[in-house]
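Colleague: Contents are compact mmCIF, C-alpha atoms; file name structure-v1.txt:
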```txt
# COMPACT_ATOMS: atom_id res chain seq x y z
CA MET A 74 0.00 0.00 0.00
CA LYS A 75 3.01 2.29 -0.22
CA HIS A 76 1.44 4.10 -3.16
CA TYR A 77 -1.15 5.59 -0.87
CA ALA A 78 -0.68 8.26 1.75
CA LYS A 79 -0.57 6.98 5.33
CA PRO A 80 -4.12 7.81 6.49
CA LEU A 81 -5.52 6.14 3.38
CA SER A 82 -3.37 3.02 3.60
CA ARG A 83 -4.24 2.75 7.28
CA LEU A 84 -7.95 2.89 6.42
CA ILE A 85 -7.46 0.26 3.71
CA GLY A 86 -5.58 -1.89 6.21
CA GLU A 87 -8.31 -1.67 8.83
CA LEU A 88 -11.07 -2.37 6.32
CA SER A 89 -9.27 -5.39 4.90
CA LYS A 90 -9.28 -6.98 8.37
CA LEU A 91 -13.06 -7.35 8.09
CA PRO A 92 -14.36 -10.75 7.02
CA GLY A 93 -14.97 -11.13 3.29
CA ILE A 94 -13.20 -7.86 2.50
CA GLY A 95 -10.05 -8.47 0.47
CA GLY A 96 -7.42 -5.95 -0.56
CA LYS A 97 -9.28 -4.77 -3.66
CA SER A 98 -12.61 -4.39 -1.86
CA ALA A 99 -10.91 -2.54 0.98
CA GLN A 100 -9.44 -0.09 -1.53
CA ARG A 101 -12.80 0.43 -3.18
CA LEU A 102 -14.49 0.98 0.17
CA ALA A 103 -11.75 3.36 1.33
CA PHE A 104 -12.05 5.49 -1.79
CA HIS A 105 -15.80 5.47 -1.41
CA ILE A 106 -15.50 6.63 2.20
CA LEU A 107 -13.17 9.45 1.16
CA ALA A 108 -15.69 10.52 -1.45
CA MET A 109 -18.56 10.45 1.06
CA GLU A 110 -20.00 13.54 2.69
CA ASP A 111 -18.19 14.34 5.93
CA LYS A 112 -21.30 13.78 7.98
CA ASP A 113 -21.93 10.35 6.42
CA ALA A 114 -18.40 9.20 7.15
CA ASP A 115 -18.75 10.50 10.70
CA ALA A 116 -22.05 8.65 11.04
CA LEU A 117 -20.35 5.41 10.00
CA ALA A 118 -17.44 5.86 12.42
CA GLU A 119 -19.81 6.83 15.20
CA ALA A 120 -22.12 3.88 14.54
CA ILE A 121 -19.13 1.57 15.02
CA THR A 122 -17.97 3.04 18.33
CA ASP A 123 -21.53 3.53 19.53
CA ALA A 124 -22.61 -0.04 18.80
CA LYS A 125 -19.40 -1.33 20.33
CA LYS A 126 -20.01 0.73 23.49
CA LYS A 127 -23.73 0.15 23.93
CA MET A 128 -24.28 -3.42 22.79
CA LYS A 129 -23.81 -6.09 25.41
CA TYR A 130 -25.09 -9.56 26.13
CA CYS A 131 -28.39 -10.03 27.93
CA SER A 132 -27.67 -11.43 31.38
CA VAL A 133 -30.67 -13.75 31.07
CA CYS A 134 -30.54 -15.23 27.57
CA GLY A 135 -27.16 -14.11 26.22
CA ASN A 136 -28.63 -12.29 23.22
CA LEU A 137 -27.04 -9.07 21.98
CA THR A 138 -28.88 -6.11 23.41
CA ASP A 139 -28.55 -2.48 24.42
CA GLU A 140 -30.67 -2.93 27.53
CA ASP A 141 -30.48 -5.64 30.17
CA PRO A 142 -32.53 -7.83 30.18
CA CYS A 143 -33.08 -7.71 26.43
CA SER A 144 -36.34 -6.63 24.81
CA ILE A 145 -37.39 -10.26 24.27
CA CYS A 146 -36.69 -11.39 27.83
CA SER A 147 -38.52 -8.37 29.24
CA ASP A 148 -41.50 -8.59 26.86
CA PRO A 149 -44.51 -9.51 29.06
CA SER A 150 -46.45 -10.85 26.05
CA ARG A 151 -44.00 -13.70 25.45
CA ARG A 152 -44.38 -17.17 26.87
CA ARG A 153 -41.79 -18.00 29.46
CA ASP A 154 -42.32 -21.78 29.37
CA VAL A 155 -40.70 -22.42 25.99
CA ILE A 156 -37.03 -21.68 25.43
CA CYS A 157 -35.50 -21.82 21.97
CA VAL A 158 -31.78 -22.63 22.20
CA VAL A 159 -29.64 -21.16 19.42
CA GLU A 160 -25.95 -20.78 18.72
CA SER A 161 -25.71 -17.07 18.06
CA PRO A 162 -27.59 -13.75 18.29
CA ARG A 163 -27.89 -13.90 14.51
CA ASP A 164 -29.97 -17.03 14.88
CA VAL A 165 -32.29 -15.16 17.25
CA ALA A 166 -32.79 -12.55 14.55
CA ALA A 167 -33.46 -15.26 11.95
CA MET A 168 -36.05 -16.86 14.24
CA GLU A 169 -37.70 -13.55 15.00
CA ARG A 170 -38.02 -12.86 11.31
CA ILE A 171 -40.44 -15.77 10.85
CA LYS A 172 -42.72 -14.17 13.47
CA GLU A 173 -43.89 -17.60 14.64
CA PHE A 174 -42.09 -18.29 17.86
CA ASN A 175 -43.51 -16.51 20.89
CA GLY A 176 -41.31 -17.93 23.61
CA ILE A 177 -37.93 -16.83 24.87
CA TYR A 178 -34.39 -17.67 23.78
CA HIS A 179 -31.12 -18.93 25.06
CA VAL A 180 -27.97 -18.08 23.11
CA LEU A 181 -25.10 -20.54 23.49
CA HIS A 182 -22.47 -18.39 21.77
CA GLY A 183 -21.04 -21.34 19.96
CA ALA A 184 -21.41 -25.09 19.71
CA ILE A 185 -19.56 -27.99 21.25
CA SER A 186 -16.61 -28.81 19.02
CA PRO A 187 -13.94 -31.05 20.55
CA MET A 188 -11.82 -30.60 17.40
CA ASP A 189 -11.52 -26.90 18.18
CA GLY A 190 -11.16 -27.46 21.91
CA ILE A 191 -14.65 -26.17 22.64
CA GLY A 192 -16.33 -28.29 25.29
CA PRO A 193 -19.63 -27.81 27.14
CA GLU A 194 -17.87 -25.46 29.57
CA GLU A 195 -16.81 -23.08 26.80
CA ILE A 196 -20.33 -22.26 25.65
CA ASN A 197 -23.15 -20.53 27.54
CA LEU A 198 -24.63 -23.82 28.76
CA ARG A 199 -24.31 -23.65 32.54
CA GLN A 200 -26.50 -20.52 32.48
CA LEU A 201 -29.17 -22.49 30.57
CA ILE A 202 -29.23 -25.22 33.21
CA ILE A 203 -29.55 -22.60 35.97
CA ARG A 204 -32.44 -21.00 34.05
CA LEU A 205 -34.18 -24.35 33.70
CA GLN A 206 -33.84 -25.07 37.42
CA LYS A 207 -35.18 -21.69 38.45
CA SER A 208 -38.20 -21.44 36.18
CA ASP A 209 -41.17 -23.45 35.00
CA VAL A 210 -39.97 -24.23 31.51
CA ARG A 211 -42.05 -26.91 29.81
CA GLU A 212 -40.18 -27.26 26.54
CA ILE A 213 -36.82 -26.42 25.10
CA ILE A 214 -36.47 -26.29 21.32
CA LEU A 215 -32.94 -27.07 20.16
CA ALA A 216 -32.32 -24.86 17.12
CA THR A 217 -28.57 -25.26 16.83
CA ASN A 218 -27.21 -25.50 13.30
CA PRO A 219 -27.71 -28.75 11.37
CA ASN A 220 -23.99 -29.51 11.15
CA ILE A 221 -21.77 -31.85 13.18
CA GLU A 222 -21.11 -29.36 15.97
CA GLY A 223 -24.72 -28.23 16.17
CA GLU A 224 -26.00 -31.81 16.23
CA ALA A 225 -23.50 -32.82 18.90
CA THR A 226 -24.51 -29.81 20.99
CA ALA A 227 -28.20 -30.63 20.60
CA MET A 228 -27.58 -34.26 21.60
CA TYR A 229 -25.54 -33.18 24.61
CA ILE A 230 -28.19 -30.75 25.84
CA ALA A 231 -30.98 -33.25 25.21
CA ARG A 232 -29.24 -35.89 27.33
CA LEU A 233 -28.58 -33.32 30.06
CA VAL A 234 -32.11 -31.91 30.23
CA LYS A 235 -34.36 -34.91 29.52
CA PRO A 236 -34.04 -36.53 32.98
CA SER A 237 -35.61 -33.41 34.50
CA GLY A 238 -38.85 -34.15 32.61
CA ILE A 239 -38.73 -31.06 30.45
CA LYS A 240 -39.81 -31.72 26.86
CA VAL A 241 -36.85 -31.43 24.50
CA SER A 242 -37.42 -30.98 20.76
CA ARG A 243 -35.17 -30.44 17.77
CA ILE A 244 -36.05 -28.36 14.70
CA ALA A 245 -36.80 -30.46 11.62
CA HIS A 246 -34.26 -31.30 8.97
CA GLY A 247 -35.36 -31.88 5.42
CA ILE A 248 -35.54 -30.52 1.91
CA PRO A 249 -35.66 -26.70 1.98
CA VAL A 250 -38.87 -25.21 0.60
CA GLY A 251 -38.29 -24.41 -3.06
CA GLY A 252 -35.41 -26.88 -3.06
CA ASP A 253 -34.88 -29.66 -5.54
CA LEU A 254 -35.05 -33.30 -4.48
CA GLU A 255 -32.56 -34.21 -7.16
CA TYR A 256 -29.89 -31.93 -5.76
CA ALA A 257 -30.46 -32.65 -2.08
CA ASP A 258 -27.51 -34.37 -0.41
CA GLU A 259 -28.09 -37.87 0.88
CA VAL A 260 -28.06 -37.02 4.57
CA THR A 261 -30.68 -34.32 4.08
CA LEU A 262 -32.83 -36.64 2.00
CA LEU A 263 -32.49 -39.36 4.64
CA LYS A 264 -33.53 -36.86 7.35
CA ALA A 265 -36.46 -35.77 5.19
CA MET A 266 -37.61 -39.38 4.88
CA GLU A 267 -37.16 -40.09 8.57
CA GLY A 268 -39.06 -36.93 9.48
CA ARG A 269 -41.99 -37.61 7.12
CA ARG A 270 -45.43 -36.79 8.44
CA GLU A 271 -48.79 -38.31 7.70
CA LEU A 272 -51.07 -36.06 5.67
CA MET B 153 -33.95 -4.62 11.17
CA LYS B 154 -36.43 -4.30 14.00
CA HIS B 155 -35.16 -7.56 15.49
CA TYR B 156 -31.93 -5.87 16.43
CA ALA B 157 -31.34 -3.30 19.15
CA LYS B 158 -31.00 0.26 17.91
CA PRO B 159 -27.20 0.70 18.02
CA LEU B 160 -26.78 -2.56 16.13
CA SER B 161 -29.41 -1.83 13.49
CA ARG B 162 -27.91 1.62 13.04
CA LEU B 163 -24.49 0.08 12.46
CA ILE B 164 -25.99 -2.40 9.98
CA GLY B 165 -27.73 0.49 8.24
CA GLU B 166 -24.55 2.54 7.92
CA LEU B 167 -22.52 -0.43 6.68
CA SER B 168 -25.11 -1.37 4.08
CA LYS B 169 -24.73 2.09 2.51
CA LEU B 170 -21.22 1.11 1.39
CA PRO B 171 -20.83 -0.08 -2.20
CA GLY B 172 -21.05 -3.83 -2.69
CA ILE B 173 -22.27 -4.38 0.87
CA GLY B 174 -25.82 -5.71 0.90
CA GLY B 175 -28.05 -6.33 3.88
CA LYS B 176 -26.63 -9.76 4.67
CA SER B 177 -23.01 -8.67 4.40
CA ALA B 178 -23.74 -5.62 6.54
CA GLN B 179 -25.17 -7.90 9.23
CA ARG B 180 -22.16 -10.19 9.09
CA LEU B 181 -19.78 -7.25 9.30
CA ALA B 182 -21.71 -5.67 12.16
CA PHE B 183 -21.64 -8.87 14.20
CA HIS B 184 -17.96 -9.21 13.44
CA ILE B 185 -17.32 -5.66 14.63
CA LEU B 186 -19.23 -6.33 17.85
CA ALA B 187 -17.10 -9.43 18.41
CA MET B 188 -13.87 -7.51 17.80
CA GLU B 189 -11.57 -6.30 20.56
CA ASP B 190 -12.54 -2.79 21.67
CA LYS B 191 -9.25 -1.36 20.50
CA ASP B 192 -9.60 -2.89 17.03
CA ALA B 193 -13.09 -1.44 16.59
CA ASP B 194 -11.81 1.91 17.78
CA ALA B 195 -8.92 1.68 15.33
CA LEU B 196 -11.37 1.10 12.48
CA ALA B 197 -13.61 4.01 13.47
CA GLU B 198 -10.60 6.25 13.97
CA ALA B 199 -9.08 5.27 10.62
CA ILE B 200 -12.31 6.40 8.96
CA THR B 201 -12.48 9.82 10.61
CA ASP B 202 -8.73 10.29 10.39
CA ALA B 203 -8.51 9.49 6.67
CA LYS B 204 -11.54 11.65 6.03
CA LYS B 205 -9.96 14.55 7.92
CA LYS B 206 -6.40 14.30 6.62
CA MET B 207 -6.77 13.21 3.03
CA LYS B 208 -7.23 15.97 0.50
CA TYR B 209 -6.51 16.56 -3.16
CA CYS B 210 -3.07 17.70 -4.25
CA SER B 211 -3.34 21.28 -5.50
CA VAL B 212 -0.96 20.48 -8.35
CA CYS B 213 -2.06 17.14 -9.78
CA GLY B 214 -5.35 16.42 -8.04
CA ASN B 215 -4.20 13.12 -6.54
CA LEU B 216 -5.36 12.09 -3.06
CA THR B 217 -2.74 13.02 -0.51
CA ASP B 218 -2.16 13.94 3.12
CA GLU B 219 0.40 16.62 2.26
CA ASP B 220 0.22 19.33 -0.37
CA PRO B 221 1.78 19.03 -2.92
CA CYS B 222 1.59 15.24 -2.91
CA SER B 223 4.60 12.97 -2.48
CA ILE B 224 4.81 12.37 -6.24
CA CYS B 225 4.64 16.05 -7.22
CA SER B 226 7.25 16.95 -4.60
CA ASP B 227 9.61 14.06 -5.41
CA PRO B 228 12.77 15.66 -6.90
CA SER B 229 13.77 12.38 -8.57
CA ARG B 230 10.77 12.39 -10.91
CA ARG B 231 10.74 13.84 -14.40
CA ARG B 232 8.61 16.92 -14.72
CA ASP B 233 8.38 16.86 -18.50
CA VAL B 234 6.03 13.89 -18.81
CA ILE B 235 2.53 14.02 -17.39
CA CYS B 236 0.35 10.94 -17.23
CA VAL B 237 -3.34 11.90 -17.29
CA VAL B 238 -5.66 9.53 -15.44
CA GLU B 239 -9.29 9.56 -14.36
CA SER B 240 -8.95 8.82 -10.65
CA PRO B 241 -6.47 8.55 -7.77
CA ARG B 242 -6.95 4.79 -7.96
CA ASP B 243 -5.48 4.86 -11.44
CA VAL B 244 -2.42 6.67 -10.07
CA ALA B 245 -1.97 3.82 -7.60
CA ALA B 246 -2.35 1.26 -10.39
CA MET B 247 0.28 3.06 -12.48
CA GLU B 248 2.65 3.35 -9.55
CA ARG B 249 2.37 -0.37 -8.95
CA ILE B 250 4.05 -1.18 -12.26
CA LYS B 251 7.08 0.89 -11.14
CA GLU B 252 7.78 1.93 -14.72
CA PHE B 253 6.54 5.48 -15.05
CA ASN B 254 8.83 8.11 -13.58
CA GLY B 255 6.98 11.27 -14.56
CA ILE B 256 4.19 13.10 -12.79
CA TYR B 257 0.43 12.77 -12.92
CA HIS B 258 -2.71 14.70 -13.52
CA VAL B 259 -5.96 13.36 -12.08
CA LEU B 260 -9.12 14.42 -13.95
CA HIS B 261 -11.57 13.14 -11.31
CA GLY B 262 -13.88 11.77 -13.94
CA ALA B 263 -14.26 11.60 -17.68
CA ILE B 264 -16.29 13.58 -20.16
CA SER B 265 -19.73 12.01 -20.39
CA PRO B 266 -22.41 14.13 -22.07
CA MET B 267 -24.99 11.44 -21.23
CA ASP B 268 -24.40 12.10 -17.53
CA GLY B 269 -24.14 15.84 -18.01
CA ILE B 270 -20.38 15.83 -17.42
CA GLY B 271 -18.66 18.19 -19.83
CA PRO B 272 -15.02 19.33 -19.98
CA GLU B 273 -15.78 21.96 -17.34
CA GLU B 274 -16.91 19.37 -14.82
CA ILE B 275 -13.58 17.51 -14.70
CA ASN B 276 -10.17 18.75 -13.55
CA LEU B 277 -9.13 19.80 -17.06
CA ARG B 278 -8.67 23.55 -16.82
CA GLN B 279 -5.97 22.94 -14.20
CA LEU B 280 -4.16 20.64 -16.65
CA ILE B 281 -4.09 23.34 -19.32
CA ILE B 282 -2.75 25.84 -16.78
CA ARG B 283 -0.03 23.36 -15.80
CA LEU B 284 0.93 22.82 -19.42
CA GLN B 285 1.19 26.56 -20.05
CA LYS B 286 3.32 27.16 -16.99
CA SER B 287 5.84 24.34 -17.34
CA ASP B 288 8.06 22.68 -19.91
CA VAL B 289 6.07 19.52 -20.44
CA ARG B 290 7.21 17.56 -23.49
CA GLU B 291 4.71 14.74 -23.47
CA ILE B 292 1.35 13.93 -21.98
CA ILE B 293 0.28 10.30 -21.80
CA LEU B 294 -3.47 9.87 -21.88
CA ALA B 295 -4.24 6.93 -19.59
CA THR B 296 -7.99 7.39 -19.26
CA ASN B 297 -10.04 4.20 -19.23
CA PRO B 298 -10.55 2.35 -22.52
CA ASN B 299 -14.33 2.88 -22.54
CA ILE B 300 -16.50 5.39 -24.40
CA GLU B 301 -16.11 8.16 -21.82
CA GLY B 302 -12.38 7.60 -21.42
CA GLU B 303 -11.82 7.56 -25.19
CA ALA B 304 -13.88 10.70 -25.66
CA THR B 305 -11.94 12.43 -22.92
CA ALA B 306 -8.62 11.37 -24.44
CA MET B 307 -9.71 12.61 -27.89
CA TYR B 308 -10.87 15.92 -26.42
CA ILE B 309 -7.61 16.51 -24.55
CA ALA B 310 -5.53 15.47 -27.57
CA ARG B 311 -7.30 17.99 -29.79
CA LEU B 312 -6.90 20.67 -27.13
CA VAL B 313 -3.21 20.10 -26.45
CA LYS B 314 -1.75 19.11 -29.82
CA PRO B 315 -1.68 22.63 -31.35
CA SER B 316 0.74 23.67 -28.59
CA GLY B 317 3.32 21.23 -29.95
CA ILE B 318 3.35 18.98 -26.89
CA LYS B 319 3.55 15.28 -27.78
CA VAL B 320 0.30 13.53 -26.90
CA SER B 321 0.20 9.74 -26.58
CA ARG B 322 -2.44 7.23 -25.62
CA ILE B 323 -1.80 3.97 -23.76
CA ALA B 324 -2.09 0.87 -25.96
CA HIS B 325 -5.23 -1.19 -26.29
CA GLY B 326 -4.98 -4.86 -27.10
CA ILE B 327 -5.26 -8.38 -25.82
CA PRO B 328 -4.42 -8.48 -22.10
CA VAL B 329 -1.31 -10.50 -21.24
CA GLY B 330 -2.45 -14.01 -20.38
CA GLY B 331 -5.68 -13.36 -22.26
CA ASP B 332 -7.20 -15.56 -24.90
CA LEU B 333 -7.53 -14.40 -28.50
CA GLU B 334 -10.62 -16.53 -28.92
CA TYR B 335 -12.47 -14.74 -26.15
CA ALA B 336 -11.36 -11.21 -26.96
CA ASP B 337 -14.17 -8.93 -28.09
CA GLU B 338 -14.02 -7.61 -31.62
CA VAL B 339 -13.15 -4.04 -30.75
CA THR B 340 -10.22 -5.14 -28.62
CA LEU B 341 -8.99 -7.48 -31.33
CA LEU B 342 -9.30 -4.71 -33.90
CA LYS B 343 -7.28 -2.40 -31.65
CA ALA B 344 -4.69 -5.12 -31.17
CA MET B 345 -4.34 -5.49 -34.95
CA GLU B 346 -4.16 -1.76 -35.50
CA GLY B 347 -1.55 -1.41 -32.79
CA ARG B 348 0.66 -4.25 -34.05
CA ARG B 349 4.37 -3.67 -33.87
CA GLU B 350 7.17 -5.00 -36.04
CA LEU B 351 9.37 -7.54 -34.28
```
Can you present the structure in this file as structure tokens?

Modeller:
Amino acid sequence: MKHYAKPLSRLIGELSKLPGIGGKSAQRLAFHILAMEDKDADALAEAITDAKKKMKYCSVCGNLTDEDPCSICSDPSRRRDVICVVESPRDVAAMERIKEFNGIYHVLHGAISPMDGIGPEEINLRQLIIRLQKSDVREIILATNPNIEGEATAMYIARLVKPSGIKVSRIAHGIPVGGDLEYADEVTLLKAMEGRREL
Amino acid sequence: MKHYAKPLSRLIGELSKLPGIGGKSAQRLAFHILAMEDKDADALAEAITDAKKKMKYCSVCGNLTDEDPCSICSDPSRRRDVICVVESPRDVAAMERIKEFNGIYHVLHGAISPMDGIGPEEINLRQLIIRLQKSDVREIILATNPNIEGEATAMYIARLVKPSGIKVSRIAHGIPVGGDLEYADEVTLLKAMEGRREL
């Protein structure tokens, strides 16, 4: 980046640290930022520091929030007897988008992955068990990702929670809506067959 | 974005204004920023405001710089009798990368494009003419982009400058190195034939 003046090459450097932003994209973004109105560039910089300062994790469910407890945990209209367990705050947002689930969440902040040295202690699991002991939860829905780590995490939690008599369910695997049977991988197709329902 | 707390949705909003960053990418970036170390996020925000504050256009050549005149214009080792005319500061960086050109630059900040209402007055052209009158330039190399606007701009400048006796040249068009003759478009192939050189 020696062909650019220092403030510009520094900006390119910082931008290229972001995921999915390579050197070329970082350059394009940097030039765009320099061409932006002063107030727009300030707004971007401020949004970064502001979000970083104000966003924290909900002490109840672990979701990202600017108030504690988060707006979902403190919403009186939501059922408190169903907890949906997800891996990340992004998954909470995805769930909320379908506008179907009216319970509360628990964010694990990861999944069990022995290969990466992430055991049950490294994710937000102990807090879930404490929540289950303290409240009258009737069902937990395991909505971890349908990959090896997510499945292992779901299995682990299911084995841990089931003895307490709480209903434990797992979101369905199968062919995505609009998907093509022909192109579905075998495991997905197998899961779709296993999970078939009578019409 | 109503599923996210305000500081987060504001950050997502600001990020999605950047070119090539859609809603999904903006979300991914925002979550990444929130997961970053405080000092790294601060460094990013600061790089934005800092670059925005310090970078300006060189009063001589119009290149982006943090000092005026820019490091190229003030470099005593560079020839002052050859000016390479480019459309944008990015093109200066591209030229500098090949480490071949040892003259100075002139950045037009655009190209003539009557369709978009951009005439010769709207680009940094008057300043070029003033530079040519004041100094002993022997050659100007027109390195505007090889598209309609860039060609039109090059033609316009050539017609303007040639009567003064200054040599005017245009960078070569042709098959890119590593390119495939078969896949070259006709105009490029025509230019490559026209520009053939005796070996």

Colleague: Contacts of Lys90 in chain A at 12 Å or less, counting only C-alpha atoms, minus same-chain residues fewer than 6 places along, as a list in words?

Modeller: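 Listed by chain and then number, they are Arg83, Leu84, Gly96, Ser98 and Ala99 of chain A; Leu181, His184, Ile185, Met188, Asp192, Ala193, Ala195 and Leu196 of chain B.
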
Colleague: Using all atoms listed in the file, select each residue of chain B with any atom at most 9 Å away from an atom of chain A, and give the selection as a ChimeraX atom specification.

Modeller: /B:153,155-164,166-167,170-172,177,179-188,190,192-208,216-219,222-223,241-242,244-246,248-249

Colleague: Near range 270-279 of chain B, counting only C-alpha atoms, which residues have an atom at most 8 Å away, once you skip same-chain residues fewer than 4 positions from it, shown as a list of chain:residue names?

Modeller: B:Gly214, B:Val259, B:Leu260, B:His261, B:Gly262, B:Ala263, B:Ile264, B:Ser265, B:Pro266, B:Arg283

Colleague: Can you pull out the residues contacting Ile309 in chain B? Cut-off 12 Å, using all atoms listed in the file, and skip same-chain residues under 6 positions away; I want them as a count of residues only.

Modeller: 27

Colleague: What is the CA of His179 in chain A-CA of Asp164 in chain A distance in Å, reported with one decimal?

Modeller: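 CA of Asp164 in chain A lies 10.4 Å from CA of His179 in chain A.
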
Colleague: Please, what distance in Å, to one decimal, runs between CA of Lys251 in chain B and CA of Glu350 in chain B?

Modeller: 25.6 Å

Colleague: Record the distance separating CA of Arg349 in chain B and CA of Gly330 in chain B, expressed in Å with one decimal.

Modeller: 18.3 Å

Colleague: Could you pull range 128-144 of chain A out of the structure just shown and give N, CA, C and O atoms as a short mmCIF file (atom, residue, chain, number, x, y, z; two decimals), in the first residue's frame?

Modeller:
```cif
data_model
loop_
_atom_site.label_atom_id
_atom_site.label_comp_id
_atom_site.auth_asym_id
_atom_site.auth_seq_id
_atom_site.Cartn_x
_atom_site.Cartn_y
_atom_site.Cartn_z
N MET A 128 -23.75 -2.06 22.90
CA MET A 128 -24.28 -3.42 22.79
C MET A 128 -23.58 -4.34 23.78
O MET A 128 -22.36 -4.35 23.88
N LYS A 129 -24.38 -5.11 24.49
CA LYS A 129 -23.81 -6.09 25.41
C LYS A 129 -24.66 -7.34 25.35
O LYS A 129 -25.63 -7.41 24.58
N TYR A 130 -24.31 -8.34 26.14
CA TYR A 130 -25.09 -9.56 26.13
C TYR A 130 -26.12 -9.51 27.25
O TYR A 130 -25.82 -9.08 28.35
N CYS A 131 -27.32 -9.96 26.93
CA CYS A 131 -28.39 -10.03 27.93
C CYS A 131 -27.97 -10.99 29.03
O CYS A 131 -27.51 -12.10 28.75
N SER A 132 -28.13 -10.58 30.27
CA SER A 132 -27.67 -11.43 31.38
C SER A 132 -28.58 -12.65 31.55
O SER A 132 -28.21 -13.60 32.22
N VAL A 133 -29.76 -12.61 30.96
CA VAL A 133 -30.67 -13.75 31.07
C VAL A 133 -30.42 -14.75 29.94
O VAL A 133 -30.08 -15.91 30.17
N CYS A 134 -30.56 -14.29 28.69
CA CYS A 134 -30.54 -15.23 27.57
C CYS A 134 -29.24 -15.20 26.77
O CYS A 134 -28.98 -16.09 25.96
N GLY A 135 -28.41 -14.17 26.95
CA GLY A 135 -27.16 -14.11 26.22
C GLY A 135 -27.26 -13.47 24.85
O GLY A 135 -26.29 -13.40 24.11
N ASN A 136 -28.46 -12.97 24.51
CA ASN A 136 -28.63 -12.29 23.22
C ASN A 136 -27.95 -10.93 23.25
O ASN A 136 -27.75 -10.36 24.32
N LEU A 137 -27.61 -10.41 22.06
CA LEU A 137 -27.04 -9.07 21.98
C LEU A 137 -28.14 -8.06 22.23
O LEU A 137 -29.23 -8.16 21.66
N THR A 138 -27.84 -7.07 23.06
CA THR A 138 -28.88 -6.11 23.41
C THR A 138 -28.26 -4.80 23.87
O THR A 138 -27.07 -4.76 24.23
N ASP A 139 -29.04 -3.73 23.86
CA ASP A 139 -28.55 -2.48 24.42
C ASP A 139 -29.18 -2.20 25.78
O ASP A 139 -28.86 -1.22 26.42
N GLU A 140 -30.09 -3.07 26.21
CA GLU A 140 -30.67 -2.93 27.53
C GLU A 140 -30.70 -4.31 28.19
O GLU A 140 -30.83 -5.32 27.49
N ASP A 141 -30.56 -4.36 29.50
CA ASP A 141 -30.48 -5.64 30.17
C ASP A 141 -31.59 -5.76 31.20
O ASP A 141 -31.71 -4.89 32.07
N PRO A 142 -32.45 -6.75 31.18
CA PRO A 142 -32.53 -7.83 30.18
C PRO A 142 -33.00 -7.32 28.83
O PRO A 142 -33.54 -6.21 28.73
N CYS A 143 -32.80 -8.14 27.80
CA CYS A 143 -33.08 -7.71 26.43
C CYS A 143 -34.59 -7.55 26.21
O CYS A 143 -35.40 -7.96 27.03
N SER A 144 -34.93 -6.95 25.08
CA SER A 144 -36.34 -6.63 24.81
C SER A 144 -37.21 -7.89 24.73
O SER A 144 -38.40 -7.84 25.02
#
```
